[in-house]
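Below is one structure, written out as structure tokens, with a few remarks after it.
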Amino acid sequence: MTLHREGLEIGPFDLFGLTINPTLHFYGLIIVVGILTAAGLAAWMARRDKKDPDHVWNGIIWVVILGVIVARLWHVLFPSVSSVEAGRDAAWYLSHPFDLHDGPLIIWSGGLSIFGAVIGGMLGVFLYARKNRLDLMAWMDIGVVVLPLGQAIGRWANYINQELYGKPTDLPWGMRIDNPPIEYIEHTHFHPLFLYESLWNLAVAGALLYLWLNYRDRTKRGSLLLLYLIAYPIARFFLEYLRIEVTMANGVNVSQAFSAAVALIAAGVLLYTYRDSLRSRRHTSTSEAHDPPA
């Protein structure tokens, strides 16, 4: 048994004349911890809202499977600059589907896009809710409360793989990178973007949970979903300015452009959803301003 940064190597074992060395990868273990923690909170929220928590544990299978598939598909279709420079662009991934060293099936070495994971996970919630005739928006609002909590935990998997880091920094919390890109070879410490995202997601989860606990009966269903779709993309948009491992397509930062589009659309939908309330409040304020003093 050997412990190293990437995981715990168990063995070697002899099996039918073959020597095998199975490894428990910390990357996958951290992601599993994030998923189970988020699911546990979702089940607690479901019980508090008089919903069947078994739907959480049954539905998590749909969410995880579709989340992983779409997360990897996003990376395959929009690989990072380092992958492209290493010769693994989208065309390479699609033409090497069964390459067991760097191919699209090798997910434990990284390459899971959070955008794809969120899209796939939401698709899983949609399909499960439709199949079981559940209130989709009510469950989506629970889902987006626990989602950033899972993200906050899962981002530490990036630390294990020394990925999701930014430009060089002399700040005391700089992240040490053993093999930085060649243009930064003289540097050893970089902005820990994984940490920035983790802390931001934790704050978002706390804020959304507070709103759900105290105001869910006074807000329209789907409001928390829209708030999440504003909060996370805004942070990701600005963090992209610090990031080295970016995803480019035709000279455009895909993650930054996608974040901006999602945040703007969600903000527009949120304002449209509450247009009547905003109009009524504005009308009340105007009337009060014109009323003569008693």
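Chain identifiers are assigned as A, B, and so on, following the order in which chains appear in the structure tokens; residues are numbered from 1 within each chain, and ligands are numbered from 1 in order of appearance.
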
Please list as a PyMOL selection string every residue within 12 Å of Lys131 (chain A), counting only C-alpha atoms and excluding residues in the same chain fewer than 3 positions away. chain A and resi 55+58-59+62+124-128+134-136

Near Leu226 (chain A), counting only C-alpha atoms, which residues have an atom at most 8 Å away, once you skip same-chain residues fewer than 6 positions from it, shown as a ChimeraX atom specification? /A:266-267,269-270

File dump, residues just selected, N, CA and C atoms, as an mmCIF file, in the first residue's frame:
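Output contents, as saved in again.cif:
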```cif
data_model
loop_
_atom_site.group_PDB
_atom_site.id
_atom_site.type_symbol
_atom_site.label_atom_id
_atom_site.label_comp_id
_atom_site.auth_asym_id
_atom_site.auth_seq_id
_atom_site.Cartn_x
_atom_site.Cartn_y
_atom_site.Cartn_z
ATOM 1 N N ALA A 266 -30.262 35.231 -17.011
ATOM 2 C CA ALA A 266 -30.925 34.935 -15.732
ATOM 3 C C ALA A 266 -31.405 36.214 -15.055
ATOM 4 N N ALA A 267 -30.583 37.280 -15.100
ATOM 5 C CA ALA A 267 -30.989 38.550 -14.496
ATOM 6 C C ALA A 267 -32.213 39.116 -15.218
ATOM 7 N N VAL A 269 -34.509 37.389 -16.872
ATOM 8 C CA VAL A 269 -35.675 36.565 -16.535
ATOM 9 C C VAL A 269 -36.164 36.874 -15.131
ATOM 10 N N LEU A 270 -35.225 37.087 -14.195
ATOM 11 C CA LEU A 270 -35.614 37.395 -12.817
ATOM 12 C C LEU A 270 -36.374 38.726 -12.752
#
```

With a distance cut-off of 7 Å and only C-alpha atoms, select the neighbouring residues of Tyr27 (chain A), excluding the residue or stretch itself and same-chain residues fewer than 3 positions from it, and output the selection as a list in words.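 Skipping anything fewer than 3 positions along the chain leaves Ile30, Ile31, Trp108, Ala157 and Ile160 of chain A.
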
Could you give me, as a PyMOL selection string, the residues within 9 Å of region 71-79 of chain A, counting only C-alpha atoms and dropping anything in the same chain fewer than 5 positions from it? chain A and resi 66+84+88-94+104-105+107+111-120+246-249+254

Keeping only C-alpha atoms, write those residues as a PDB file, in the first residue's frame.
```
ATOM      1  CA  LEU A  66     -25.791  12.918 -16.656  1.00  0.00           C
ATOM      2  CA  VAL A  84      -4.828  21.769 -27.355  1.00  0.00           C
ATOM      3  CA  ARG A  88      -5.617  16.952 -27.688  1.00  0.00           C
ATOM      4  CA  ASP A  89      -8.105  19.244 -29.347  1.00  0.00           C
ATOM      5  CA  ALA A  90     -11.765  18.394 -29.881  1.00  0.00           C
ATOM      6  CA  ALA A  91     -11.019  16.557 -33.125  1.00  0.00           C
ATOM      7  CA  TRP A  92      -8.382  14.413 -31.380  1.00  0.00           C
ATOM      8  CA  TYR A  93     -10.731  13.490 -28.522  1.00  0.00           C
ATOM      9  CA  LEU A  94     -13.521  12.542 -30.910  1.00  0.00           C
ATOM     10  CA  PRO A 104     -12.334  11.137 -23.331  1.00  0.00           C
ATOM     11  CA  LEU A 105     -13.135   8.252 -20.962  1.00  0.00           C
ATOM     12  CA  ILE A 107     -12.101  11.340 -16.128  1.00  0.00           C
ATOM     13  CA  GLY A 111     -11.140  17.426 -17.391  1.00  0.00           C
ATOM     14  CA  LEU A 112     -14.668  17.720 -15.962  1.00  0.00           C
ATOM     15  CA  SER A 113     -16.233  21.075 -16.786  1.00  0.00           C
ATOM     16  CA  ILE A 114     -18.425  22.625 -14.108  1.00  0.00           C
ATOM     17  CA  PHE A 115     -20.630  24.125 -16.812  1.00  0.00           C
ATOM     18  CA  GLY A 116     -21.251  20.698 -18.296  1.00  0.00           C
ATOM     19  CA  ALA A 117     -21.795  19.222 -14.827  1.00  0.00           C
ATOM     20  CA  VAL A 118     -24.447  21.832 -13.989  1.00  0.00           C
ATOM     21  CA  ILE A 119     -26.207  21.431 -17.335  1.00  0.00           C
ATOM     22  CA  GLY A 120     -26.150  17.643 -17.076  1.00  0.00           C
ATOM     23  CA  VAL A 246      -8.504  28.914 -20.339  1.00  0.00           C
ATOM     24  CA  THR A 247     -10.767  27.493 -23.032  1.00  0.00           C
ATOM     25  CA  MET A 248     -10.566  29.400 -26.302  1.00  0.00           C
ATOM     26  CA  ALA A 249     -12.637  29.162 -29.487  1.00  0.00           C
ATOM     27  CA  VAL A 254     -15.608  30.240 -23.983  1.00  0.00           C
TER      28      VAL A 254
END
```

Nearest-residue call for Ala86 (chain A), choices A:Arg155, A:Val33, A:Ala129, A:Pro181, using only C-alpha atoms: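 Closest to Ala86 (chain A), using only C-alpha atoms: A:Pro181.
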